[in-house]
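Source file upload_2.txt; content: compact mmCIF, C-alpha atoms and all ligand atoms.
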```
# COMPACT_ATOMS: atom_id res chain seq x y z
CA MET A 1 61.52 -185.82 45.43
CA GLU A 2 65.23 -185.27 44.86
CA TYR A 3 66.08 -182.59 42.27
CA PHE A 4 69.86 -182.50 42.23
CA THR A 5 70.40 -186.22 41.76
CA ASN A 6 74.02 -185.88 40.57
CA VAL A 7 75.10 -184.04 43.67
CA PRO A 8 75.86 -185.71 47.02
CA LYS A 9 76.08 -183.98 50.39
CA ILE A 10 79.10 -181.67 50.10
CA LYS A 11 81.83 -182.45 52.60
CA TYR A 12 85.00 -180.76 53.78
CA GLU A 13 87.96 -182.59 52.25
CA GLY A 14 90.66 -179.98 52.82
CA LYS A 15 93.36 -178.37 50.71
CA GLY A 16 94.68 -181.56 49.14
CA SER A 17 91.34 -182.61 47.64
CA ASP A 18 90.78 -182.42 43.91
CA ASN A 19 87.08 -183.22 44.20
CA PRO A 20 85.24 -180.18 42.80
CA LEU A 21 82.16 -181.12 44.82
CA ALA A 22 83.97 -180.75 48.17
CA PHE A 23 85.06 -177.87 50.38
CA LYS A 24 88.80 -177.16 50.52
CA TYR A 25 88.66 -174.43 53.20
CA TYR A 26 85.13 -174.31 54.58
CA ASN A 27 85.17 -176.68 57.51
CA PRO A 28 81.92 -175.86 59.34
CA ASP A 29 83.00 -177.17 62.75
CA GLU A 30 86.51 -175.70 62.75
CA LYS A 31 86.95 -173.04 65.41
CA ILE A 32 88.29 -169.60 64.60
CA GLY A 33 88.67 -167.91 67.97
CA THR A 34 85.71 -168.93 70.08
CA LYS A 35 83.20 -169.67 67.31
CA THR A 36 82.93 -172.28 64.58
CA MET A 37 83.23 -171.26 60.94
CA LYS A 38 79.57 -172.05 60.48
CA ASP A 39 78.58 -169.63 63.24
CA HIS A 40 80.94 -166.93 62.04
CA LEU A 41 79.91 -166.99 58.41
CA ARG A 42 76.14 -167.58 58.59
CA PHE A 43 75.86 -168.29 54.85
CA ALA A 44 72.58 -167.87 53.01
CA VAL A 45 71.31 -168.87 49.56
CA ALA A 46 69.46 -166.19 47.56
CA TYR A 47 66.17 -167.57 46.27
CA TRP A 48 65.95 -165.16 43.33
CA HIS A 49 69.23 -165.99 41.61
CA THR A 50 69.28 -169.67 42.54
CA TYR A 51 65.75 -170.71 41.59
CA GLN A 52 64.38 -167.82 39.52
CA GLY A 53 67.49 -166.89 37.55
CA ARG A 54 67.51 -168.22 33.99
CA GLY A 55 70.65 -166.53 32.67
CA ASP A 56 68.83 -164.18 30.30
CA ASP A 57 70.49 -160.92 29.28
CA PRO A 58 69.48 -158.05 26.96
CA PHE A 59 70.88 -160.02 24.01
CA GLY A 60 69.24 -163.36 24.51
CA PRO A 61 66.94 -165.54 26.59
CA GLY A 62 67.85 -167.75 29.51
CA THR A 63 70.06 -170.77 28.98
CA ALA A 64 69.58 -172.46 32.36
CA VAL A 65 68.68 -176.14 32.50
CA ARG A 66 66.85 -176.86 35.75
CA PRO A 67 65.33 -180.08 37.13
CA TRP A 68 61.93 -178.35 37.52
CA ASP A 69 61.73 -177.14 33.91
CA SER A 70 58.95 -179.53 32.89
CA ILE A 71 56.48 -178.17 35.48
CA SER A 72 54.10 -175.71 33.82
CA ASP A 73 51.59 -174.91 36.59
CA GLU A 74 52.85 -171.79 38.41
CA MET A 75 51.93 -172.93 41.90
CA GLU A 76 53.31 -176.43 41.36
CA LEU A 77 56.52 -174.84 40.18
CA ALA A 78 56.67 -172.65 43.29
CA LYS A 79 56.21 -175.75 45.45
CA ALA A 80 58.95 -177.63 43.60
CA LYS A 81 61.32 -174.75 44.24
CA VAL A 82 60.60 -174.90 47.97
CA GLU A 83 61.69 -178.54 47.92
CA ALA A 84 64.70 -177.76 45.76
CA ASN A 85 65.73 -174.95 48.13
CA PHE A 86 65.81 -177.20 51.16
CA GLU A 87 67.66 -179.88 49.23
CA LEU A 88 70.29 -177.43 47.96
CA CYS A 89 70.80 -175.75 51.34
CA GLU A 90 71.00 -179.09 53.14
CA LYS A 91 73.43 -180.59 50.62
CA LEU A 92 75.67 -177.53 50.85
CA GLY A 93 75.26 -177.24 54.61
CA VAL A 94 74.14 -173.61 54.13
CA PRO A 95 72.15 -172.68 57.25
CA PHE A 96 69.98 -169.88 55.79
CA PHE A 97 68.14 -168.61 52.74
CA CYS A 98 66.67 -165.23 51.72
CA PHE A 99 63.74 -164.33 49.46
CA HIS A 100 61.57 -161.63 47.93
CA ASP A 101 57.84 -162.27 48.32
CA ARG A 102 57.48 -162.76 44.55
CA ASP A 103 60.36 -165.25 44.36
CA ILE A 104 58.62 -167.80 46.51
CA SER A 105 55.13 -167.37 45.12
CA PRO A 106 53.82 -166.00 41.81
CA GLU A 107 51.73 -162.83 41.62
CA ALA A 108 48.03 -163.28 40.72
CA GLU A 109 45.38 -160.99 39.21
CA THR A 110 44.40 -159.42 42.54
CA LEU A 111 46.39 -158.57 45.66
CA LYS A 112 44.01 -160.71 47.67
CA GLU A 113 44.70 -163.80 45.56
CA THR A 114 48.43 -163.01 45.48
CA ASN A 115 48.43 -162.96 49.29
CA ARG A 116 46.47 -166.21 49.45
CA ARG A 117 49.08 -167.88 47.27
CA LEU A 118 51.84 -166.49 49.47
CA ASP A 119 50.15 -168.02 52.50
CA VAL A 120 50.07 -171.41 50.80
CA ILE A 121 53.78 -171.36 49.96
CA ALA A 122 54.82 -169.84 53.30
CA GLY A 123 52.82 -172.60 55.01
CA MET A 124 54.71 -175.19 53.00
CA ILE A 125 58.06 -173.61 53.89
CA LYS A 126 57.08 -173.54 57.54
CA ASP A 127 56.18 -177.24 57.45
CA ARG A 128 59.41 -178.13 55.72
CA MET A 129 61.38 -176.16 58.33
CA LYS A 130 60.11 -178.53 61.00
CA ASN A 131 62.38 -181.30 59.66
CA SER A 132 65.31 -179.13 58.74
CA ASP A 133 67.98 -176.94 60.32
CA VAL A 134 67.68 -174.47 57.45
CA LYS A 135 66.36 -171.07 58.53
CA LEU A 136 65.32 -167.75 57.02
CA LEU A 137 67.99 -165.04 57.24
CA TRP A 138 65.81 -162.34 55.71
CA GLY A 139 62.74 -161.62 53.70
CA THR A 140 62.00 -158.64 51.47
CA THR A 141 59.50 -157.43 48.88
CA ASN A 142 59.86 -157.13 45.17
CA THR A 143 58.37 -153.68 44.51
CA PHE A 144 60.24 -153.06 41.28
CA PHE A 145 59.32 -155.75 38.70
CA ASN A 146 55.64 -155.11 38.07
CA ALA A 147 54.77 -152.21 35.72
CA ARG A 148 52.84 -150.45 38.49
CA PHE A 149 56.23 -149.56 40.02
CA VAL A 150 57.36 -147.73 36.90
CA HIS A 151 57.89 -144.52 38.89
CA GLY A 152 59.06 -146.22 42.08
CA ALA A 153 57.21 -147.63 45.09
CA SER A 154 57.25 -145.46 48.23
CA THR A 155 58.84 -142.66 46.17
CA SER A 156 56.33 -142.92 43.31
CA CYS A 157 54.51 -139.73 42.24
CA ASN A 158 51.32 -141.84 42.48
CA ALA A 159 49.91 -142.22 46.01
CA ASP A 160 48.00 -145.37 44.98
CA VAL A 161 51.36 -147.03 44.29
CA PHE A 162 52.64 -145.92 47.70
CA ALA A 163 49.61 -147.62 49.25
CA TYR A 164 50.12 -150.81 47.22
CA ALA A 165 53.78 -151.00 48.20
CA ALA A 166 52.81 -150.56 51.86
CA ALA A 167 50.34 -153.43 51.58
CA GLN A 168 53.02 -155.58 50.01
CA VAL A 169 55.63 -154.82 52.69
CA LYS A 170 53.03 -155.44 55.41
CA LYS A 171 52.32 -158.92 54.06
CA ALA A 172 55.98 -159.76 53.42
CA MET A 173 56.89 -158.69 56.94
CA GLU A 174 54.14 -160.89 58.38
CA ILE A 175 55.41 -163.87 56.40
CA THR A 176 59.02 -163.19 57.34
CA MET A 177 57.97 -163.13 60.99
CA GLU A 178 55.89 -166.30 60.62
CA LEU A 179 58.94 -168.08 59.19
CA GLY A 180 61.26 -166.87 61.94
CA GLY A 181 63.17 -164.50 59.64
CA GLN A 182 66.01 -162.80 61.53
CA ASN A 183 66.05 -159.63 59.41
CA TYR A 184 63.91 -157.73 56.95
CA VAL A 185 65.59 -155.95 54.04
CA PHE A 186 64.67 -152.75 52.22
CA TRP A 187 66.52 -152.44 48.97
CA GLY A 188 65.55 -149.34 46.98
CA GLY A 189 64.19 -151.10 43.88
CA ARG A 190 63.11 -148.14 41.75
CA GLU A 191 63.38 -145.60 44.57
CA GLY A 192 65.35 -142.95 42.72
CA TYR A 193 64.93 -140.79 39.67
CA GLU A 194 65.76 -140.51 35.98
CA THR A 195 65.49 -136.73 35.58
CA LEU A 196 64.97 -133.85 37.99
CA LEU A 197 62.83 -132.17 35.32
CA ASN A 198 59.85 -134.23 36.48
CA THR A 199 60.87 -134.98 40.07
CA ASN A 200 59.93 -133.47 43.42
CA MET A 201 62.94 -134.84 45.24
CA LYS A 202 61.98 -133.38 48.62
CA LEU A 203 58.51 -134.97 48.58
CA GLU A 204 59.91 -138.31 47.40
CA LEU A 205 62.49 -138.41 50.17
CA ASP A 206 59.96 -137.32 52.80
CA ASN A 207 57.61 -140.06 51.59
CA PHE A 208 60.37 -142.63 51.67
CA ALA A 209 61.02 -141.72 55.32
CA ARG A 210 57.26 -141.84 56.05
CA PHE A 211 57.12 -145.31 54.55
CA LEU A 212 60.02 -146.58 56.67
CA LYS A 213 58.44 -145.07 59.78
CA MET A 214 55.20 -146.93 59.00
CA ALA A 215 57.20 -150.15 58.66
CA VAL A 216 58.85 -149.57 62.05
CA ASP A 217 55.44 -148.87 63.64
CA TYR A 218 53.87 -151.95 62.11
CA ALA A 219 56.76 -154.18 63.18
CA ARG A 220 56.28 -152.95 66.73
CA GLU A 221 52.53 -153.56 66.50
CA ILE A 222 52.89 -157.20 65.44
CA GLY A 223 55.92 -157.89 67.63
CA PHE A 224 58.39 -158.52 64.81
CA ASP A 225 61.82 -158.32 66.43
CA GLY A 226 63.94 -158.98 63.34
CA GLN A 227 66.58 -156.42 62.38
CA PHE A 228 65.55 -153.91 59.70
CA LEU A 229 68.25 -153.51 57.05
CA ILE A 230 68.69 -151.01 54.24
CA GLU A 231 70.76 -152.06 51.25
CA PRO A 232 72.56 -149.19 49.52
CA LYS A 233 73.05 -149.09 45.75
CA PRO A 234 74.01 -146.03 43.70
CA LYS A 235 72.41 -146.77 40.33
CA GLU A 236 70.44 -149.47 38.49
CA PRO A 237 67.61 -149.59 37.81
CA THR A 238 67.25 -145.81 38.14
CA LYS A 239 69.99 -143.47 37.07
CA HIS A 240 70.26 -142.17 40.61
CA GLN A 241 69.10 -144.39 43.46
CA TYR A 242 68.28 -142.53 46.69
CA ASP A 243 70.06 -145.15 48.85
CA PHE A 244 73.30 -144.30 47.04
CA ASP A 245 75.85 -145.65 49.52
CA ALA A 246 76.18 -146.35 53.24
CA ALA A 247 77.13 -142.75 54.08
CA ALA A 248 74.13 -141.35 52.18
CA VAL A 249 71.73 -143.85 53.79
CA ILE A 250 73.06 -143.23 57.29
CA GLY A 251 72.77 -139.46 56.76
CA PHE A 252 69.21 -139.89 55.46
CA LEU A 253 68.19 -142.08 58.40
CA LYS A 254 69.71 -139.63 60.88
CA SER A 255 68.04 -136.61 59.38
CA TYR A 256 64.63 -138.31 59.68
CA GLY A 257 65.34 -139.71 63.17
CA LEU A 258 65.15 -143.32 61.94
CA ASP A 259 68.75 -144.44 62.50
CA LYS A 260 68.16 -146.47 65.64
CA HIS A 261 65.78 -148.78 63.80
CA PHE A 262 68.00 -149.73 60.87
CA LYS A 263 71.36 -151.26 59.98
CA MET A 264 73.06 -151.71 56.62
CA ASN A 265 72.99 -154.69 54.32
CA ILE A 266 76.20 -154.13 52.35
CA GLU A 267 76.57 -155.69 48.92
CA ALA A 268 80.07 -155.89 47.45
CA ASN A 269 78.96 -155.19 43.89
CA HIS A 270 76.94 -152.13 44.95
CA ALA A 271 79.98 -150.77 46.79
CA THR A 272 82.11 -150.86 43.65
CA LEU A 273 79.28 -149.36 41.56
CA ALA A 274 79.33 -146.44 44.02
CA GLY A 275 83.06 -146.01 43.41
CA HIS A 276 84.02 -147.47 46.78
CA THR A 277 85.67 -150.66 47.89
CA PHE A 278 83.57 -153.31 49.61
CA GLN A 279 85.65 -152.74 52.74
CA HIS A 280 84.95 -148.98 52.64
CA GLU A 281 81.20 -149.57 52.79
CA LEU A 282 81.62 -152.07 55.62
CA ARG A 283 83.90 -149.68 57.50
CA ILE A 284 81.46 -146.75 57.21
CA SER A 285 78.69 -149.00 58.51
CA ARG A 286 80.82 -150.42 61.31
CA ILE A 287 82.09 -147.12 62.70
CA ASN A 288 78.50 -145.90 62.81
CA GLY A 289 77.41 -149.03 64.69
CA MET A 290 75.24 -150.02 61.72
CA LEU A 291 76.89 -153.05 60.14
CA GLY A 292 74.01 -155.50 59.88
CA SER A 293 74.49 -158.05 57.12
CA ILE A 294 76.28 -158.70 53.83
CA ASP A 295 75.22 -159.55 50.29
CA ALA A 296 78.25 -161.58 49.32
CA ASN A 297 79.14 -161.27 45.65
CA GLN A 298 81.56 -159.41 43.43
CA GLY A 299 81.32 -157.20 40.36
CA ASP A 300 83.62 -157.01 37.39
CA LEU A 301 85.59 -153.78 37.47
CA LEU A 302 86.00 -153.90 33.69
CA LEU A 303 82.25 -153.95 33.15
CA GLY A 304 80.84 -151.48 35.65
CA TRP A 305 77.35 -152.85 36.09
CA ASP A 306 75.69 -155.09 38.64
CA THR A 307 77.04 -158.44 37.49
CA ASP A 308 76.35 -160.23 40.81
CA GLN A 309 79.16 -162.76 40.44
CA PHE A 310 80.04 -165.33 43.07
CA PRO A 311 82.76 -163.96 45.36
CA THR A 312 86.13 -165.59 44.71
CA ASN A 313 88.57 -162.75 45.37
CA ILE A 314 90.47 -163.65 48.54
CA TYR A 315 91.71 -160.09 49.17
CA GLU A 316 88.11 -158.91 49.23
CA THR A 317 86.78 -161.71 51.42
CA ALA A 318 89.69 -161.30 53.85
CA MET A 319 89.17 -157.56 54.26
CA ALA A 320 85.40 -158.01 54.52
CA MET A 321 85.79 -160.57 57.29
CA TYR A 322 88.33 -158.29 58.97
CA GLU A 323 85.57 -155.66 59.28
CA VAL A 324 83.04 -158.23 60.46
CA LEU A 325 85.41 -159.58 63.13
CA LYS A 326 86.36 -156.06 64.24
CA ASP A 327 82.64 -155.47 64.68
CA GLY A 328 82.43 -158.47 67.02
CA GLY A 329 80.97 -160.78 64.35
CA PHE A 330 77.48 -161.00 62.88
CA LYS A 331 74.58 -160.70 65.28
CA LYS A 332 71.41 -161.28 63.28
CA GLY A 333 73.05 -160.82 59.89
CA GLY A 334 75.05 -163.18 57.72
CA LEU A 335 76.59 -163.70 54.29
CA ASN A 336 73.89 -163.97 51.67
CA PHE A 337 75.12 -165.08 48.25
CA ASP A 338 73.36 -162.47 46.16
CA ALA A 339 75.13 -163.98 43.19
CA LYS A 340 74.23 -165.72 39.97
CA VAL A 341 76.04 -168.26 37.89
CA ARG A 342 77.25 -166.92 34.53
CA ARG A 343 75.04 -167.49 31.49
CA GLY A 344 77.48 -170.08 30.23
CA SER A 345 77.30 -172.05 33.49
CA PHE A 346 73.83 -173.34 32.76
CA GLU A 347 73.79 -176.81 34.31
CA PRO A 348 72.21 -177.57 37.71
CA GLU A 349 75.60 -178.66 39.13
CA ASP A 350 76.89 -175.13 38.54
CA LEU A 351 74.63 -173.97 41.36
CA PHE A 352 76.78 -176.13 43.64
CA TYR A 353 80.20 -175.32 42.18
CA SER A 354 79.43 -171.62 42.52
CA HIS A 355 78.30 -171.79 46.13
CA ILE A 356 81.27 -173.99 47.03
CA ALA A 357 83.61 -171.41 45.43
CA GLY A 358 82.00 -168.59 47.42
CA MET A 359 81.95 -170.51 50.69
CA ASP A 360 85.59 -171.54 50.36
CA ALA A 361 86.61 -167.97 49.48
CA PHE A 362 84.89 -166.62 52.58
CA ALA A 363 86.20 -169.42 54.81
CA LYS A 364 89.73 -168.59 53.70
CA GLY A 365 89.01 -164.87 54.14
CA LEU A 366 87.80 -165.54 57.68
CA LYS A 367 90.96 -167.48 58.52
CA ILE A 368 93.19 -164.71 57.14
CA ALA A 369 91.28 -162.01 59.01
CA GLY A 370 91.37 -164.07 62.21
CA LYS A 371 95.15 -164.41 61.91
CA MET A 372 95.61 -160.69 61.16
CA LEU A 373 93.71 -159.76 64.30
CA GLU A 374 95.40 -162.40 66.43
CA ASP A 375 98.86 -161.17 65.43
CA GLY A 376 97.80 -157.54 65.63
CA LYS A 377 100.69 -156.32 63.42
CA ILE A 378 98.50 -154.16 61.21
CA GLU A 379 96.44 -152.90 64.12
CA ARG A 380 99.57 -151.92 66.04
CA PHE A 381 100.84 -150.03 63.03
CA VAL A 382 97.62 -148.04 62.78
CA GLU A 383 97.63 -147.42 66.52
CA GLU A 384 101.18 -146.09 66.34
CA ARG A 385 100.39 -143.92 63.31
CA TYR A 386 98.02 -141.85 65.43
CA ALA A 387 100.22 -141.75 68.54
CA SER A 388 100.39 -137.96 68.35
CA TYR A 389 96.80 -137.83 69.64
CA ARG A 390 97.64 -139.65 72.85
CA SER A 391 99.74 -136.94 74.49
CA GLY A 392 100.56 -133.26 74.27
CA ILE A 393 98.65 -131.11 71.82
CA GLY A 394 96.92 -134.12 70.22
CA LYS A 395 95.47 -135.15 73.56
CA ASP A 396 94.34 -131.56 74.13
CA ILE A 397 92.53 -131.61 70.74
CA ILE A 398 90.79 -134.89 71.52
CA GLU A 399 89.81 -133.85 75.03
CA GLY A 400 88.48 -130.48 73.94
CA ARG A 401 91.11 -128.39 75.71
CA ALA A 402 92.41 -126.70 72.56
CA GLY A 403 90.65 -124.26 70.22
CA PHE A 404 91.97 -122.26 67.26
CA LYS A 405 93.78 -119.72 69.48
CA GLU A 406 95.67 -122.36 71.46
CA LEU A 407 96.46 -124.25 68.26
CA GLU A 408 97.78 -121.12 66.60
CA ALA A 409 100.05 -120.45 69.57
CA TYR A 410 101.27 -124.04 69.42
CA ALA A 411 101.77 -124.03 65.61
CA MET A 412 103.90 -120.86 65.82
CA ASN A 413 106.53 -122.81 67.72
CA THR A 414 106.33 -126.22 66.09
CA ASP A 415 108.61 -127.90 63.68
CA ILE A 416 106.37 -130.44 61.83
CA ARG A 417 107.85 -133.88 61.14
CA ASN A 418 105.80 -136.56 59.32
CA LYS A 419 106.46 -140.27 59.08
CA SER A 420 106.00 -142.66 56.16
CA GLY A 421 102.60 -144.36 55.79
CA ARG A 422 104.41 -147.57 54.70
CA GLN A 423 101.61 -148.67 52.37
CA GLU A 424 103.70 -151.15 50.39
CA MET A 425 105.19 -152.66 53.52
CA LEU A 426 101.67 -153.23 54.87
CA GLU A 427 100.50 -154.68 51.56
CA SER A 428 103.30 -157.18 51.67
CA ILE A 429 102.39 -158.14 55.26
CA LEU A 430 98.83 -158.69 54.04
CA ASN A 431 100.15 -160.88 51.21
CA GLN A 432 102.04 -162.95 53.74
CA TYR A 433 98.81 -163.61 55.66
CA ILE A 434 97.06 -164.54 52.42
CA LEU A 435 99.76 -166.79 51.08
CA GLU A 436 100.83 -168.44 54.29
CA GLY A 437 97.64 -168.28 56.35
C1 LIG A 501 69.53 -155.68 43.53
C2 LIG A 501 69.60 -156.05 44.93
C3 LIG A 501 68.47 -156.93 45.41
C4 LIG A 501 68.36 -156.92 46.90
C5 LIG A 501 67.09 -157.50 47.42
O1 LIG A 501 70.46 -155.15 42.95
O2 LIG A 501 70.84 -156.62 45.17
O3 LIG A 501 68.59 -158.21 44.91
O4 LIG A 501 69.43 -157.57 47.51
O5 LIG A 501 65.98 -156.84 46.94
CA CA A 502 71.64 -157.42 47.06
CA CA A 503 73.42 -156.62 43.00
```
Kindly return the structure encoded in the file as structure tokens.
Amino acid sequence: MEYFTNVPKIKYEGKGSDNPLAFKYYNPDEKIGTKTMKDHLRFAVAYWHTYQGRGDDPFGPGTAVRPWDSISDEMELAKAKVEANFELCEKLGVPFFCFHDRDISPEAETLKETNRRLDVIAGMIKDRMKNSDVKLLWGTTNTFFNARFVHGASTSCNADVFAYAAAQVKKAMEITMELGGQNYVFWGGREGYETLLNTNMKLELDNFARFLKMAVDYAREIGFDGQFLIEPKPKEPTKHQYDFDAAAVIGFLKSYGLDKHFKMNIEANHATLAGHTFQHELRISRINGMLGSIDANQGDLLLGWDTDQFPTNIYETAMAMYEVLKDGGFKKGGLNFDAKVRRGSFEPEDLFYSHIAGMDAFAKGLKIAGKMLEDGKIERFVEERYASYRSGIGKDIIEGRAGFKELEAYAMNTDIRNKSGRQEMLESILNQYILEG
């Protein structure tokens, strides 16, 4: 059955096209360096926003009109969404999708029945994959929606909830593996706190680490070789989320000896909520060898909450792709559109316009970043800025030949001269790449 009957297969028509259902910049087979755009960008559709999102907000119910709205049976609805997912991904030419366990299949009265339902839907997805190029980028669990997770999952004060969350991750990991998922994501959900008056922070953090260790052990036991990813976020739903930002997560993983098992899944909107730029979070991850994957979206700086908008800001996509290219490109990760159409964009076609906008913005960002690196102007400037560390006292500092005494002796006889950082000059070079690239 076809769900999006008004939408044809989306093609690349190039800059001159005024067809809103066509790509202007995303040309999947075009080569940037040695790889095609498709292989560089590794786009994914997020199941939760695309098929579960209804556009509700605290002031009113959902407004979305969807082709599956007349289906009332929960399992039939879940099956329809599997079909719709493959149709949407295939029409857009998006090679991957991502899901939470509860997005693909509805929860039942008992965990046993919930798992049975998951098996039915996962089986259907697996069958459908046989006649499709669409693959699973990552799976995850939803351990935040149900009331049992009121105090968190692995950081709950209630050990029974810890156990339940473990059972849920175990099953979701098995399904992710069964479907060939290339990564498995841990996003904190309600792992955080509202007030320290009722919180044993040390025990919660120790338990969180214990939980991750159990996940690593179980993955090894079943032979799951996907990449484990942690997705930082500073707040929402709790006031203070433990996985605050990339630096906090990396520090946490290192202090519990877990860092070699995990990489980061960086979301643009979470970066700005933490008071950082998207590029900052990617850079921290990259220089620690832990840049895994990206949740591609953008927030609204005037609002300050997790608006999960489709990414359309070319400066942001360019600088994000600059970090990805500097990292040697994605390995198992990709660009997952963790983004939802606005409440006013309620028609099924909006699901296509929004993905096209995001894909074009990242394709253009990739081209700009590719050009920046090919020219090397910015890189050479940075290289030159730190030239003082390549000879003389700088080299001695780097190579461990100078301590405080030697530096004091040197400083006594030095006349310091600084050079301009040339920020505005560099910003105008970047604009040239954006406007002319
Ligand atoms: C919520 C997160 C979530 C994760 C997956 O803010 O972005 O959707 O990406 O659990
Ligand atoms: Ca996300
Ligand atoms: Ca988000």
Subject >> Selection as a list in words: residues within 6 Å of ligand CA 503 (chain A) by all atoms listed in the file >> reply: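 Checking all atoms listed in the file against ligand CA 503 (chain A) at 6 Å gives Asn269, Asp306 and Asp308 of chain A.
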Original post:
Residues within 7 Å of ligand LIG 501 (chain A) (only C-alpha atoms and all ligand atoms), as a PyMOL selection string?
Top reply: chain A and resi 100+140-142+185-187+189+231+267+295+306+338
**OP:** Please give me, as an MDAnalysis selection string, the residues lying within 12 Å of ligand CA 502 (chain A) when counting only C-alpha atoms and all ligand atoms.
**Re:** chainID A and resid 45:49 98:100 138:140 142 185:189 229:233 236 264:271 293:299 306:309 335:340
**OP:** Select, from A:Ala84, A:Leu118, A:Ala44, A:Leu258, the residue with the minimum atom-to-atom distance to Ile175 (chain A), counting only C-alpha atoms.
**Re:** A:Leu118
Original post:
Once you count all atoms listed in the file, which residues end up no further than 10 Å from (86.6, -161.0, 58.1) in the file's frame, shown as a PyMOL selection string?
Top reply: chain A and resi 40-41+279+316-327+329+362-373
**OP:** Just the residues within 6 Å of Leu136 (chain A), please, counting only C-alpha atoms, with nothing from its chain fewer than 4 positions along; format it as a ChimeraX atom specification.
**Re:** /A:96-97,181
Original post:
Which is closest to Ala274 (chain A) among A:Lys126, A:Phe244, A:Leu253, A:Gly292, if we use only C-alpha atoms?
Top reply: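 Checking each candidate against Ala274 (chain A), we get A:Phe244 as the closest.
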Subject >> Distance criterion (all atoms listed in the file): nearest to Phe211 (chain A) out of A:Ala153, A:Asp225, A:Glu178, A:Glu399 >> reply: A:Ala153
**OP:** Can you work out which one of A:Arg190, A:Lys31, A:Lys24, A:Lys419 has the shortest atom-to-atom distance to His151 (chain A), counting all atoms listed in the file?
**Re:** A:Arg190
Please return the centre and edge lengths, in Å to one decimal, of a box with edges along x, y and z that contains all listed atoms of region 172-191 of chain A, widened by 4 Å on every side, as lines of an AutoDock Vina configuration file.
```
center_x = 60.3
center_y = -156.8
center_z = 51.8
size_x = 20.4
size_y = 30.5
size_z = 28.2
```
Original post:
Quick one: of A:Ala248, A:Met173, A:Ala122, A:Cys157, who's nearest to Gly223 (chain A), counting all atoms listed in the file?
Top reply: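 Among the listed residues, A:Met173 lies closest to Gly223 (chain A).
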Original post:
Which one of A:Asn418, A:Leu301, A:Ala215, A:Gly333 sits closest to Thr277 (chain A) if you count only C-alpha atoms?
Top reply: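 Closest residue, counting only C-alpha atoms: A:Leu301.
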**OP:** Report the distance between CA of Ala361 (chain A) and CA of Tyr26 (chain A) in Å, rounded to one decimal place.
**Re:**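 Spanning CA of Ala361 (chain A) to CA of Tyr26 (chain A) is a straight-line distance of 8.3 Å.
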Original post:
Near Leu88 (chain A), counting all atoms listed in the file, which residues have an atom at most 9 Å away, once you skip same-chain residues fewer than 6 positions from it, shown as a list of chain:residue names?
Top reply: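 The neighbour list is A:Tyr3, A:Phe4, A:Val45, A:Val94, A:Leu351, A:Phe352.
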**OP:** To one decimal in Å, tell me the separation between CA of Asp259 (chain A) and CA of Met290 (chain A).
**Re:**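 Those two atoms sit 8.6 Å apart.
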Original post:
How many Å lie between CA of Gly358 (chain A) and CA of Arg66 (chain A), rounded to one decimal?
Top reply: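 Rounded to one decimal, the two atoms are 20.8 Å apart.
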